[in-house]
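Structure first, then comments.
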Amino acid sequence: MLTRMRLLKGATALLYVGPIFAGVSGLGWGVLFPFVAIFVVWLMILRPEQWPESPEEWRTPAAWMAALAQILSQIALVCILLAFGRGLGAIAGYLPVVNPLFPLAVSFLAIPLCRILWNPEEAAGTGYFLDDEAEEAHAPRIAAAAALAVAPLLNLPDAAPDTEVMQHVRRVMDAPGADFRLRALTAALSRPDRSHAALRRALVLWATEPDIVASGQVPGAMNMAFALCDSNPDLLRLYLPRALALIAAFPHRAEDFPAPDTLRATIMKGSGSNAGSDLPADLLADLTEGIKALAQTVDQVLASATEQSEDRRDLSPRAKARTA
């Protein structure tokens, strides 16, 4: 996806090259509105969050004002690009004679190329956005879609077999936008009246799978899995051995794990002292030691990464130049 974003920037450059080349060629303001139309279509395809979605929204004055603002901004942008191209032509002292359709075709080519490289809805489902504005606009829709997708899991009975619950979890979570779904489930299960023991077990197992952690496709998965344990000794017995193995195998994912302070705060709250647990005292003590070990390991990995980052900064060419 990151490669697509880089290619998208190159394809988008064609959009701006068209009016600049038209200005260099000395084409008049007659090409202004064709270019504006191309720019607006590009916006509607690549930036759908900036436009009303339904006919009902288009009937509102606010939608028309927003659309008008978009169009006016594109008129101003095209005018600037044409003027810039005309200035380059004047400086060069040479105005090439070209067919007026050629610069328009160059800009128009950006539309299909960008659409092939980037599907806004698909990218939003996987957590990728062109910028912060797009992410903010998509946030309510993604949250609503995630809540709708995880609703069947929250309706599963506590008595459901673990294998059946795990099948449901895999079916719901192995899809684009899994991080939003896990976040929605973590928020829903944080309520004190929510038990869902079988669902919690399945989610902890799913979120701590090596494939999930190694790929980083669900940022913060280990942190959310720890939150799902909710200081429950039985769930921590599932989580801790897997977490210790995963931090050792994938130290570059340390930021996805619970913060050391969070882990230590859990110990201070008396994690593992759940009255409903039938674990003996020695196993509860082992859980406390496991949490301490995980906190220490995460702390060491993060400190090591910080030191390496500082060393690279000190060895950068600019730093060397300053010390020379």
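Lettering and numbering for the structure tokens are positional, with chains as A, B, ... in the shown order, residues counted from 1 in each chain, and ligands counted from 1 in the shown order.
For A:Pro260, the list of residues within 6 Å, based on only C-alpha atoms and with local chain neighbours fewer than 3 positions off taken out, reads Leu263, Ala295 and Asp299 of chain A.
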Residue selection dump (N, CA, C and O atoms) as a compact mmCIF listing (two decimals), in the first residue's frame:
```txt
# COMPACT_ATOMS: atom_id res chain seq x y z
N LEU A 263 1.87 -2.11 32.37
CA LEU A 263 2.06 -3.45 32.94
C LEU A 263 2.35 -3.37 34.43
O LEU A 263 1.78 -4.14 35.22
N ALA A 295 7.22 -6.43 31.20
CA ALA A 295 7.46 -4.99 31.33
C ALA A 295 8.94 -4.68 31.17
O ALA A 295 9.32 -3.71 30.48
N ASP A 299 10.58 -2.59 28.06
CA ASP A 299 11.36 -1.40 28.42
C ASP A 299 12.75 -1.45 27.80
O ASP A 299 13.23 -0.45 27.24
```
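Of the listed residues (A:Ala202, A:Leu46, A:Leu228, A:Leu236), A:Ala202 comes nearest to A:Val165; the distances count only C-alpha atoms.
For the pair atom CA of A:Pro100 and atom CA of A:Ile45, the interatomic distance is 24.5 Å.
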- Task: Compile the contact shell of A:His196 as a count of residues only: residues with an atom at most 12 Å away, counting only C-alpha atoms, same-chain residues fewer than 5 positions apart removed.
- Result: 24
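Distance annotation: of A:Ser231, A:Asn223, A:Gln300, A:Thr306, the residue with the minimal separation from A:Ile267 is A:Ser231; atom set is only C-alpha atoms.
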- Can you pull out every residue within 7 Å of A:Arg4, counting only C-alpha atoms, but drop anything in the same chain fewer than 3 positions away, and send it as a PyMOL selection string? chain A and resi 1+7-8+117-118
